Amino acid sequence: MVQQTLPEVTTVAPADRLAGVRRILLNSGVWIILIVLVAIVYASAPSFRSPLSLVLIGTDAAFIGIIAAGQTMVILTGGIDLSVEAMIGFSSVVAAMLISGVTRGDAHVGGGMASWLAMLIAIGLGTVIGLLQGIIVTGLNIHPFIVTLGFLSILQGAALALTDGSPINVTSDPLIDFLSNTISIGSLKLPMPLIIMAVIYGIIWVILRHTKLGRYTYAIGGNETATRLSGINISRSKIILYGISGMLSAISGMLLMSRLSAGAYQNGTGYTLNSVAAVVIGGTALAGGIGGIWGTFAGVFVIVVVQQALVYMDVTSDGQKRIVIGIIIVLAVAFDVARRGRVPAVQWVRQAMRSVRARGRSVSS
Amino acid sequence: MRIENETLFPPTNESDVVLSVRGISKTFPGVRALDHVNLDVRAGEVHCVVGENGAGKSTLMKILSGAYSKDEGAIFFKGIERSFASPKEAQEAGIAIIYQELNLIPYLSITENIYLGNELQRGSLPLLNWPKMHAGARDALTPLHLTIDPHTLVMNLGIAAQQMIEIAKALHHRADLIIMDEPTSALSLNEIEDLFTIIGELKAQGVSIVYISHHLDEIFKIGDRITVLRDGRNVGTLNVAEATSEQMIRMMVGRDLADQFPKVTAERGAEILRVEGLTRHGVLENISFSLHRGEIVGIAGLVGAGRTELVRAIFGADLIDSGRIFIDSQEVLIRAPADAIRHGMGLLTEDRKQQGLILGMSARENMTLPILRNLTSTPFTDGRKESEVAQRYIKSMAIKTPNEEQKVINLSGGTQQKVVLGKWMAITPRILIFDEPTRGIDVGAKVEIYNLMNELARQGVGILMVSSELPEILGMSDRILVIAQGRLAGELSRAEATQEKILAYATGFVEQTLQN
């Protein structure tokens with residue numbers, strides 16, 4: 001083999017089988033936060049303990065969670081997708097139009113398509129629009145923040161124009177019922193959107209940890225220059241990821257439409273910020289390269305539990321709710337960060353104590 | 001006078017000892033970086049500190065300059081025991097450190113950099129006193145014979161000038177001790193001479209210099225004494241006048257290194273790479289050359305001549321305007337690194353941390369990145385196959401890592417470079433391009449890299465080696481191409497090459513007419 005002038009050859013220890021477990025434990029700060037949160041609410045709000053609350057929380061979590069899954073992948077490459085909430089509204093409008101048609105003045109246009117086909121078309125359209133955003137980001141070298149912000153406006157505008165501002169009702173049928181239903185396992189009632197979210201997260205986990213696309217995602221976020229010089233087609237990977245984000249947003253749009261029995265341009269309002277927050281609370285860095293899907297899973301529930309908990313604890317005014325939510329989110333991330341390493345705040349306190357002690361000494365001497 | 005492993009006792013009362021370090025220890029999780037290190041620095045001396053990567057040099061320097069805290073031991077500076085809680089405290093005490101990567105803000109002016117953290121204000125108002133600061137900056141530059149306008153932004157200065165600004169900063173803060181970490185790695189020979197002149201003047205003023213370097217020839221030029229660190233311990237301090245390089249290397253490495261440049265001339269095979277008329281407007285002009293199997297062709301030239309740009313163009317990292325590339329006598333179109341890799345070409349970049357490695361990933365993930373698409377035919381990855389590949393190169397190259405899952409950010413410079421090399425060996429290359437293969441790597445690891453290059457050449461790989469270290473070019477190349485201002489200025493065979501001839505071509509002093 002290779003000529004060495006060194007006497008020893010290093011013996012190589014077998015790969016640490018527990019490396020994966022250790023990584024999970026290190027990144028599990030958000031789960032601890034979630035458990036503590038749930039414990040606090042469980043203890044202080046009796047109405048929280050009913051199986052119905054799990055259904056409500058689970059359903060809300062699913063709508064945000066499914067788009068947060070796509071957001072996780074995009075953020076891992078150092079990008080972002082701000083168009084997700086508009087995609088929900090837009091896709092729901094498209095599907096609703098195909099199913100129920102739309103009223104323009106006196107005329108009723110369209111409608112009559114089977115719901116499964118309409119949903120597939122809407123999801124397909126969402127995917128294509130996502131791919132388009134990816135192509136613009138990579139082909140024109142424009143920052144994803146700008147491109148997806150632009151599409152946020154475009155999609156919202158399109159949904160508004162198509163519906164003239166009013167929601168399109170969708171009559172229930174077996175598929176729509178199925179998607180908004182709950183499944184009972186023993187005394188536990190699980191909403192279908194939550195089950196679908198869990199399945200999606202499992203698939204995304206496999207993609208991120210066991211496929212080439214997943215590896216390239218982490219590599220691009222970790223060091224895009226080195227990845228390009230290793231021969232990886234970065235544009236291709238990014239385009240696919242924005243397509244996935246568009247697809248997942250449209251899927252969430254279909255589930256929300258089934259729940260509300262209506263396609264409207266306002267569907268999904270406010271979900272963008274929550275999806276980004278869930279990803280960040282979950283431990284994925286905004287610069288990319290670090291993080292994972294299960295952290296986002298916990299992050300989504302942290303946000304939803306906080307929102308719902310305030311309802312259960314009777315903090316009804318919207319302003320108070322938002323203040324508390326904000327404080328909790330900051331504290332949660334601060335706790336997680338401080339747990340992992342040195343933070344300047346600790347140094348400041350130490351310095352302050354040292355100077356207080358020094359001043360005390362000089363006074364007494 | 002030979003001082004070896006002094007036991008802990010109060011500092012000597014020699015009045016000219018300005019810094020005395022006793023029993024310093026520092027442990028990081030899993031690593032004992034410093035183990036009861038003693039060190040004395042006298043006033044007005046150039047005290048060189050050498051050691052392999054991981055020997056503890058930069059840890060010791062960071063403790064002295066206040067960036068790290070020590071676990072054990074004492075520091076006596078100018079006779080008083082000190083404990084620096086921050087770099088600012090060390091700076092105020094009179095210790096300055098000039099890092100290898102330089103600590104300047106490129107978008108700010110010379111004045112702003114010199115006064116960073118110590119800005120002058122107009123009386124008691126919180127308004128900056130620019131006239132006074134600019135004048136002060138000019139005064140700081142004078143002792144260094146610099147007449148640059150202090151308004152100049154640092155990023156518009158060359159590396160050598162930037163280094164001078166760092167020294168000016170140190171003098172401005174009335175440093176009695178200046179620590180220089182690898183100051184010459186980015187300097188040309190002329191600039192190094194200028195630096196040594198400045199160091200001589202500082203010595204005359206009584207300023208002490210702690211000089212960290214891998215370049216033993218520099219140590220012989222300007223060093224008074226040299227301390228060797230190995231595995232966190234002070235292995236010994238010698239007077240440079242009485243020391244030999246074999247002695248130093250033996251102390252650093254703990255064993256005899258047969259040869260610093262173990263060149264083994266491999267059998268030269270058929271032409272593997274031919275470049276014709278390579279042109280990139282404003283950067284490269286009409287460059288043509290060929291490379292054979294088993295050959296190591298060195299690419300020399302001044303900083304900025306276009307050497308890195310040349311190899312990047314060949315590799316497809318940059319697009320060319322005209323020119324043809326032939327691999328194994330077949331013309332190929334290379335428009336992206338993926339094309340080059342497909343044809344069996346690899347590029348080890350000059351900056352492994354920024355361009356060669358994904359620091360947050362493991363050795364295995366880094367090493368398998370280019371070949372990931374070929375390891376499996378499905379979209380899925382195969383962890384076992386990846387481990388096999390990684391283990392193969394960890395063993396064959398003796399890569400110092402506990403296993404392949406270690407994050408590369410935790411590995412030493414030489415080990416990281418081996419991981420990068422492993423990545424490229426995994427594509428079973430026909431052509432390997434090394435850009436500054438041993439930059440920032442200690443003597444022991446350098447020899448390992450050279451041996452690996454020899455082995456690759458022996459196996460028939462054609463090697464291009466860009467290097468700014470002339471001894472390395474002369475020591476390892478079969479042929480040398482000299483690039484000057486984007487053009488091929490000269491070509492020398494191993495037998496006829498000398499430092500003077502290379503420099504003559506590189507500086508444009510001599511133009512060789514080349515037969516094409």
# chains A, B, ... in the order shown; residues from 1 in each chain; ligands from 1
>>> residues_around(residues="Leu76 (chain A)", least_positions_apart="5", cutoff="8 Å", atoms="only C-alpha atoms", output="JSON, numbers by chain")
{"A": [217, 218, 221, 284, 285, 286, 287, 288, 289, 290, 291]}
>>> select_by_dssp(residues="region 96-321 of chain B", states="strand (DSSP E)", output="JSON, numbers by chain")
{"B": [96, 97, 98, 177, 178, 179, 180, 181, 208, 209, 210, 211, 212, 225, 226, 227, 228, 229, 230, 233, 234, 235, 236, 237, 238, 239, 271, 272, 273, 274, 275, 276, 277, 278, 279, 280, 284, 285, 286, 287, 288, 289, 290, 291, 292, 296, 297, 298, 299, 300, 301]}
>>> write_last_selection(atoms="N, CA and C atoms", output="compact mmCIF listing (two decimals), in the first residue's frame")
# COMPACT_ATOMS: atom_id res chain seq x y z
N ALA B 96 0.90 41.97 22.41
CA ALA B 96 0.08 42.03 21.20
C ALA B 96 0.26 40.73 20.43
N ILE B 97 -0.78 40.30 19.77
CA ILE B 97 -0.68 39.08 18.97
C ILE B 97 -1.16 39.35 17.56
N ILE B 98 -0.39 38.89 16.58
CA ILE B 98 -0.77 39.04 15.18
C ILE B 98 -1.08 37.65 14.65
N LEU B 177 5.82 42.99 23.92
CA LEU B 177 5.95 41.63 23.42
C LEU B 177 4.97 41.47 22.27
N ILE B 178 5.49 41.11 21.11
CA ILE B 178 4.60 40.88 19.97
C ILE B 178 4.70 39.40 19.58
N ILE B 179 3.55 38.76 19.54
CA ILE B 179 3.50 37.36 19.13
C ILE B 179 3.09 37.33 17.67
N MET B 180 3.91 36.71 16.83
CA MET B 180 3.58 36.61 15.40
C MET B 180 3.34 35.16 15.05
N ASP B 181 2.14 34.88 14.57
CA ASP B 181 1.77 33.50 14.23
C ASP B 181 1.85 33.29 12.73
N SER B 208 10.27 42.48 22.39
CA SER B 208 10.49 41.05 22.22
C SER B 208 9.51 40.49 21.21
N ILE B 209 9.96 39.52 20.46
CA ILE B 209 9.08 38.90 19.46
C ILE B 209 9.00 37.40 19.74
N VAL B 210 7.81 36.88 19.82
CA VAL B 210 7.63 35.44 19.84
C VAL B 210 7.18 35.06 18.43
N TYR B 211 7.99 34.26 17.78
CA TYR B 211 7.81 34.01 16.34
C TYR B 211 7.47 32.55 16.11
N ILE B 212 6.23 32.31 15.71
CA ILE B 212 5.80 30.94 15.46
C ILE B 212 5.90 30.66 13.97
N ARG B 225 16.59 32.44 20.02
CA ARG B 225 16.43 31.14 20.67
C ARG B 225 15.19 30.47 20.10
N ILE B 226 15.13 29.16 20.24
CA ILE B 226 13.97 28.43 19.73
C ILE B 226 13.50 27.43 20.77
N THR B 227 12.19 27.42 20.99
CA THR B 227 11.58 26.45 21.90
C THR B 227 10.74 25.49 21.08
N VAL B 228 10.90 24.21 21.36
CA VAL B 228 10.15 23.20 20.61
C VAL B 228 9.05 22.63 21.49
N LEU B 229 7.83 22.66 21.00
CA LEU B 229 6.72 22.05 21.72
C LEU B 229 6.34 20.75 21.03
N ARG B 230 6.01 19.75 21.83
CA ARG B 230 5.52 18.50 21.26
C ARG B 230 4.51 17.91 22.22
N ARG B 233 3.97 19.70 25.48
CA ARG B 233 5.07 19.89 26.44
C ARG B 233 6.21 20.66 25.79
N ASN B 234 6.97 21.35 26.61
CA ASN B 234 8.18 22.03 26.15
C ASN B 234 9.28 20.97 26.10
N VAL B 235 9.68 20.63 24.88
CA VAL B 235 10.68 19.58 24.74
C VAL B 235 12.09 20.12 24.92
N GLY B 236 12.23 21.44 24.75
CA GLY B 236 13.57 22.01 24.95
C GLY B 236 13.69 23.39 24.33
N THR B 237 14.64 24.14 24.84
CA THR B 237 14.92 25.46 24.29
C THR B 237 16.39 25.50 23.88
N LEU B 238 16.64 25.94 22.65
CA LEU B 238 18.01 25.96 22.15
C LEU B 238 18.40 27.35 21.70
N ASN B 239 19.68 27.63 21.71
CA ASN B 239 20.19 28.83 21.04
C ASN B 239 20.25 28.51 19.57
N GLU B 271 0.97 10.77 -22.22
CA GLU B 271 0.39 12.07 -21.90
C GLU B 271 -1.03 11.88 -21.41
N ILE B 272 -1.35 12.45 -20.25
CA ILE B 272 -2.69 12.26 -19.70
C ILE B 272 -3.51 13.53 -19.81
N LEU B 273 -2.83 14.69 -19.83
CA LEU B 273 -3.56 15.95 -19.91
C LEU B 273 -2.81 16.89 -20.84
N ARG B 274 -3.56 17.52 -21.77
CA ARG B 274 -2.92 18.53 -22.61
C ARG B 274 -3.84 19.75 -22.65
N VAL B 275 -3.24 20.90 -22.42
CA VAL B 275 -3.99 22.16 -22.42
C VAL B 275 -3.44 23.00 -23.55
N GLU B 276 -4.34 23.51 -24.44
CA GLU B 276 -3.88 24.31 -25.57
C GLU B 276 -4.55 25.66 -25.59
N GLY B 277 -3.75 26.70 -25.55
CA GLY B 277 -4.28 28.06 -25.74
C GLY B 277 -5.34 28.47 -24.73
N LEU B 278 -5.19 28.05 -23.49
CA LEU B 278 -6.18 28.37 -22.46
C LEU B 278 -6.19 29.87 -22.19
N THR B 279 -7.35 30.49 -22.38
CA THR B 279 -7.43 31.94 -22.21
C THR B 279 -8.68 32.30 -21.42
N ARG B 280 -8.49 33.19 -20.46
CA ARG B 280 -9.61 33.77 -19.73
C ARG B 280 -9.31 35.25 -19.65
N LEU B 284 -5.95 34.85 -17.73
CA LEU B 284 -5.03 33.86 -18.29
C LEU B 284 -4.88 34.12 -19.78
N GLU B 285 -3.67 33.96 -20.29
CA GLU B 285 -3.48 34.24 -21.70
C GLU B 285 -2.72 33.14 -22.41
N ASN B 286 -3.46 32.42 -23.27
CA ASN B 286 -2.84 31.48 -24.20
C ASN B 286 -1.86 30.51 -23.53
N ILE B 287 -2.32 29.81 -22.52
CA ILE B 287 -1.44 28.88 -21.82
C ILE B 287 -1.56 27.48 -22.42
N SER B 288 -0.41 26.88 -22.73
CA SER B 288 -0.41 25.52 -23.26
C SER B 288 0.66 24.71 -22.56
N PHE B 289 0.31 23.50 -22.17
CA PHE B 289 1.31 22.60 -21.59
C PHE B 289 0.72 21.20 -21.57
N SER B 290 1.55 20.23 -21.24
CA SER B 290 1.03 18.87 -21.11
C SER B 290 1.54 18.22 -19.83
N LEU B 291 0.82 17.18 -19.43
CA LEU B 291 1.12 16.45 -18.20
C LEU B 291 1.08 14.97 -18.52
N HIS B 292 2.07 14.23 -18.00
CA HIS B 292 2.10 12.80 -18.29
C HIS B 292 1.76 11.98 -17.06
N ILE B 296 5.02 14.66 -11.74
CA ILE B 296 4.56 15.74 -10.86
C ILE B 296 5.06 17.04 -11.49
N VAL B 297 4.15 17.84 -11.98
CA VAL B 297 4.52 19.12 -12.58
C VAL B 297 4.21 20.23 -11.58
N GLY B 298 5.23 20.96 -11.19
CA GLY B 298 5.03 22.05 -10.25
C GLY B 298 4.66 23.33 -10.99
N ILE B 299 3.76 24.11 -10.40
CA ILE B 299 3.36 25.38 -11.02
C ILE B 299 3.76 26.48 -10.05
N ALA B 300 4.77 27.27 -10.49
CA ALA B 300 5.31 28.31 -9.62
C ALA B 300 4.94 29.68 -10.15
N GLY B 301 5.11 30.69 -9.30
CA GLY B 301 4.81 32.05 -9.73
C GLY B 301 4.52 32.91 -8.52
>>> residues_around(residues="Ala317 (chain B)", least_positions_apart="6", cutoff="8 Å", atoms="only C-alpha atoms", output="list in words")
Leu229 of chain A; Arg335, Ala336 and Pro337 of chain B
>>> write_last_selection(atoms="N, CA and C atoms", output="short mmCIF file (atom, residue, chain, number, x, y, z; two decimals), in the first residue's frame")
data_model
loop_
_atom_site.label_atom_id
_atom_site.label_comp_id
_atom_site.auth_asym_id
_atom_site.auth_seq_id
_atom_site.Cartn_x
_atom_site.Cartn_y
_atom_site.Cartn_z
N LEU A 229 -17.61 22.41 -5.74
CA LEU A 229 -16.31 21.93 -6.21
C LEU A 229 -16.20 20.42 -6.10
N ARG B 335 -17.08 22.24 -18.39
CA ARG B 335 -17.78 23.49 -18.09
C ARG B 335 -18.16 23.59 -16.61
N ALA B 336 -17.95 22.49 -15.89
CA ALA B 336 -18.29 22.50 -14.47
C ALA B 336 -17.44 21.44 -13.79
N PRO B 337 -17.23 21.57 -12.49
CA PRO B 337 -16.45 20.55 -11.78
C PRO B 337 -16.97 19.14 -12.03
#
>>> interface_residues(of="chain B", to="chain A", cutoff="6 Å", atoms="only C-alpha atoms", output="list in words")
Pro337, Ala338, Gln355, Gly356, Leu357, Ile358, Pro370, Pro379, Phe380, Thr381, Ala398, Pro402 and Asn403 of chain B
>>> residues_around(residues="Ala186 (chain B)", least_positions_apart="6", cutoff="10 Å", atoms="only C-alpha atoms", output="list of chain:residue names")
B:Gln100, B:Glu101, B:Gly158, B:Ile159, B:Ala160, B:Gln163, B:Ile192, B:Val303, B:Arg439, B:Ser468
>>> residues_around(residues="Gly111 (chain A)", least_positions_apart="5", cutoff="7 Å", atoms="only C-alpha atoms", output="PyMOL selection string")
chain A and resi 97-101
>>> write_last_selection(atoms="N, CA and C atoms", output="short mmCIF file (atom, residue, chain, number, x, y, z; two decimals), in the first residue's frame")
data_model
loop_
_atom_site.label_atom_id
_atom_site.label_comp_id
_atom_site.auth_asym_id
_atom_site.auth_seq_id
_atom_site.Cartn_x
_atom_site.Cartn_y
_atom_site.Cartn_z
N MET A 97 -62.58 25.63 -7.03
CA MET A 97 -63.14 26.04 -8.32
C MET A 97 -63.41 24.83 -9.20
N LEU A 98 -62.48 23.88 -9.20
CA LEU A 98 -62.67 22.71 -10.05
C LEU A 98 -63.82 21.85 -9.55
N ILE A 99 -64.01 21.82 -8.23
CA ILE A 99 -65.04 20.96 -7.66
C ILE A 99 -66.41 21.64 -7.74
N SER A 100 -66.45 22.89 -7.30
CA SER A 100 -67.76 23.53 -7.16
C SER A 100 -68.03 24.62 -8.18
N GLY A 101 -67.03 24.98 -8.93
CA GLY A 101 -67.24 26.08 -9.85
C GLY A 101 -67.23 27.40 -9.11
#
>>> atom_distance(atom1="CA of Gly306 (chain B)", atom2="CA of Leu503 (chain B)")
15.1 Å
>>> atom_distance(atom1="CA of Met252 (chain B)", atom2="CA of Gly51 (chain B)")
5.3 Å
>>> residues_around(residues="region 140-150 of chain B", least_positions_apart="3", cutoff="6 Å", atoms="only C-alpha atoms", output="short mmCIF file (atom, residue, chain, number, x, y, z; two decimals) with C-alpha atoms, in the first residue's frame")
data_model
loop_
_atom_site.label_atom_id
_atom_site.label_comp_id
_atom_site.auth_asym_id
_atom_site.auth_seq_id
_atom_site.Cartn_x
_atom_site.Cartn_y
_atom_site.Cartn_z
CA ILE B 110 -6.20 52.00 8.53
CA THR B 111 -6.96 54.62 11.16
CA ALA B 137 -2.24 56.56 12.66
CA ALA B 168 1.71 49.25 13.59
CA HIS B 172 0.67 51.91 18.81
#
>>> atom_distance(atom1="CA of Ala305 (chain B)", atom2="CA of Ile441 (chain B)")
23.6 Å
>>> residues_around(residues="Gly283 (chain A)", least_positions_apart="5", cutoff="9 Å", atoms="only C-alpha atoms", output="PyMOL selection string")
chain A and resi 27-30+278+290-292+295-296+299+333+336
>>> closest_residue(among="A:Gln308, A:Ser362, A:Ser235, A:Thr163", to="Gln133 (chain A)", atoms="only C-alpha atoms")
A:Ser235
>>> select_by_dssp(residues="region 13-146 of chain B", states="helix (DSSP H, G or I)", output="JSON, numbers by chain")
{"B": [57, 58, 59, 60, 61, 62, 63, 64, 87, 88, 89, 90, 91, 92, 93, 110, 111, 112, 113, 114, 130, 131, 132, 133, 134, 135, 136, 137, 138, 139, 140, 141, 142, 143, 144]}
>>> write_last_selection(atoms="N, CA and C atoms", output="mmCIF file, in the first residue's frame")
data_model
loop_
_atom_site.group_PDB
_atom_site.id
_atom_site.type_symbol
_atom_site.label_atom_id
_atom_site.label_comp_id
_atom_site.auth_asym_id
_atom_site.auth_seq_id
_atom_site.Cartn_x
_atom_site.Cartn_y
_atom_site.Cartn_z
ATOM 1 N N LYS B 57 1.083 25.095 20.236
ATOM 2 C CA LYS B 57 1.587 26.460 20.030
ATOM 3 C C LYS B 57 0.469 27.482 20.095
ATOM 4 N N SER B 58 -0.590 27.273 19.303
ATOM 5 C CA SER B 58 -1.601 28.327 19.238
ATOM 6 C C SER B 58 -2.381 28.397 20.545
ATOM 7 N N THR B 59 -2.547 27.271 21.248
ATOM 8 C CA THR B 59 -3.207 27.326 22.549
ATOM 9 C C THR B 59 -2.400 28.183 23.514
ATOM 10 N N LEU B 60 -1.076 27.971 23.532
ATOM 11 C CA LEU B 60 -0.225 28.749 24.435
ATOM 12 C C LEU B 60 -0.314 30.230 24.097
ATOM 13 N N MET B 61 -0.250 30.544 22.820
ATOM 14 C CA MET B 61 -0.288 31.952 22.411
ATOM 15 C C MET B 61 -1.619 32.585 22.768
ATOM 16 N N LYS B 62 -2.694 31.837 22.621
ATOM 17 C CA LYS B 62 -4.007 32.399 22.945
ATOM 18 C C LYS B 62 -4.128 32.637 24.445
ATOM 19 N N ILE B 63 -3.488 31.807 25.253
ATOM 20 C CA ILE B 63 -3.508 32.063 26.696
ATOM 21 C C ILE B 63 -2.711 33.325 26.998
ATOM 22 N N LEU B 64 -1.546 33.472 26.359
ATOM 23 C CA LEU B 64 -0.708 34.645 26.620
ATOM 24 C C LEU B 64 -1.391 35.928 26.191
ATOM 25 N N PRO B 87 -8.616 39.645 25.809
ATOM 26 C CA PRO B 87 -7.545 40.159 24.962
ATOM 27 C C PRO B 87 -7.241 41.632 25.236
ATOM 28 N N LYS B 88 -8.267 42.380 25.639
ATOM 29 C CA LYS B 88 -8.027 43.801 25.881
ATOM 30 C C LYS B 88 -7.088 43.986 27.059
ATOM 31 N N GLU B 89 -7.232 43.152 28.097
ATOM 32 C CA GLU B 89 -6.335 43.277 29.256
ATOM 33 C C GLU B 89 -4.895 42.982 28.847
ATOM 34 N N ALA B 90 -4.732 41.952 28.019
ATOM 35 C CA ALA B 90 -3.370 41.615 27.585
ATOM 36 C C ALA B 90 -2.794 42.750 26.753
ATOM 37 N N GLN B 91 -3.629 43.327 25.918
ATOM 38 C CA GLN B 91 -3.181 44.418 25.060
ATOM 39 C C GLN B 91 -2.759 45.605 25.916
ATOM 40 N N GLU B 92 -3.559 45.924 26.928
ATOM 41 C CA GLU B 92 -3.214 47.055 27.799
ATOM 42 C C GLU B 92 -1.949 46.778 28.590
ATOM 43 N N ALA B 93 -1.689 45.506 28.894
ATOM 44 C CA ALA B 93 -0.475 45.173 29.646
ATOM 45 C C ALA B 93 0.758 45.275 28.756
ATOM 46 N N ILE B 110 -7.351 52.304 7.681
ATOM 47 C CA ILE B 110 -6.200 52.000 8.531
ATOM 48 C C ILE B 110 -6.374 52.651 9.903
ATOM 49 N N THR B 111 -6.778 53.901 9.892
ATOM 50 C CA THR B 111 -6.960 54.617 11.162
ATOM 51 C C THR B 111 -7.985 53.912 12.045
ATOM 52 N N GLU B 112 -9.126 53.559 11.449
ATOM 53 C CA GLU B 112 -10.170 52.917 12.246
ATOM 54 C C GLU B 112 -9.692 51.599 12.817
ATOM 55 N N ASN B 113 -8.885 50.873 12.052
ATOM 56 C CA ASN B 113 -8.383 49.601 12.543
ATOM 57 C C ASN B 113 -7.389 49.792 13.680
ATOM 58 N N ILE B 114 -6.521 50.780 13.534
ATOM 59 C CA ILE B 114 -5.526 51.001 14.581
ATOM 60 C C ILE B 114 -6.209 51.436 15.872
ATOM 61 N N TRP B 130 -11.507 62.732 14.448
ATOM 62 C CA TRP B 130 -10.832 62.175 13.293
ATOM 63 C C TRP B 130 -9.462 62.782 13.030
ATOM 64 N N PRO B 131 -9.311 64.077 13.062
ATOM 65 C CA PRO B 131 -7.979 64.635 12.763
ATOM 66 C C PRO B 131 -6.902 64.050 13.681
ATOM 67 N N LYS B 132 -7.239 63.961 14.962
ATOM 68 C CA LYS B 132 -6.251 63.447 15.902
ATOM 69 C C LYS B 132 -5.949 61.963 15.623
ATOM 70 N N MET B 133 -6.988 61.218 15.273
ATOM 71 C CA MET B 133 -6.772 59.792 15.036
ATOM 72 C C MET B 133 -5.969 59.564 13.769
ATOM 73 N N HIS B 134 -6.284 60.310 12.708
ATOM 74 C CA HIS B 134 -5.516 60.140 11.461
ATOM 75 C C HIS B 134 -4.061 60.489 11.681
ATOM 76 N N ALA B 135 -3.815 61.563 12.451
ATOM 77 C CA ALA B 135 -2.431 61.936 12.747
ATOM 78 C C ALA B 135 -1.756 60.836 13.547
ATOM 79 N N GLY B 136 -2.483 60.311 14.511
ATOM 80 C CA GLY B 136 -1.933 59.230 15.328
ATOM 81 C C GLY B 136 -1.622 57.997 14.490
ATOM 82 N N ALA B 137 -2.473 57.726 13.518
ATOM 83 C CA ALA B 137 -2.238 56.564 12.658
ATOM 84 C C ALA B 137 -0.984 56.782 11.826
ATOM 85 N N ARG B 138 -0.853 58.011 11.310
ATOM 86 C CA ARG B 138 0.351 58.321 10.527
ATOM 87 C C ARG B 138 1.606 58.118 11.364
ATOM 88 N N ASP B 139 1.547 58.563 12.621
ATOM 89 C CA ASP B 139 2.694 58.370 13.518
ATOM 90 C C ASP B 139 2.969 56.888 13.746
ATOM 91 N N ALA B 140 1.914 56.109 13.807
ATOM 92 C CA ALA B 140 2.108 54.678 14.043
ATOM 93 C C ALA B 140 2.757 54.016 12.845
ATOM 94 N N LEU B 141 2.501 54.546 11.653
ATOM 95 C CA LEU B 141 3.049 53.919 10.450
ATOM 96 C C LEU B 141 4.510 54.320 10.198
ATOM 97 N N THR B 142 4.908 55.491 10.713
ATOM 98 C CA THR B 142 6.252 56.007 10.404
ATOM 99 C C THR B 142 7.385 55.045 10.758
ATOM 100 N N PRO B 143 7.420 54.512 11.991
ATOM 101 C CA PRO B 143 8.537 53.617 12.328
ATOM 102 C C PRO B 143 8.652 52.428 11.383
ATOM 103 N N LEU B 144 7.598 52.122 10.656
ATOM 104 C CA LEU B 144 7.646 50.999 9.751
ATOM 105 C C LEU B 144 7.932 51.461 8.323
#
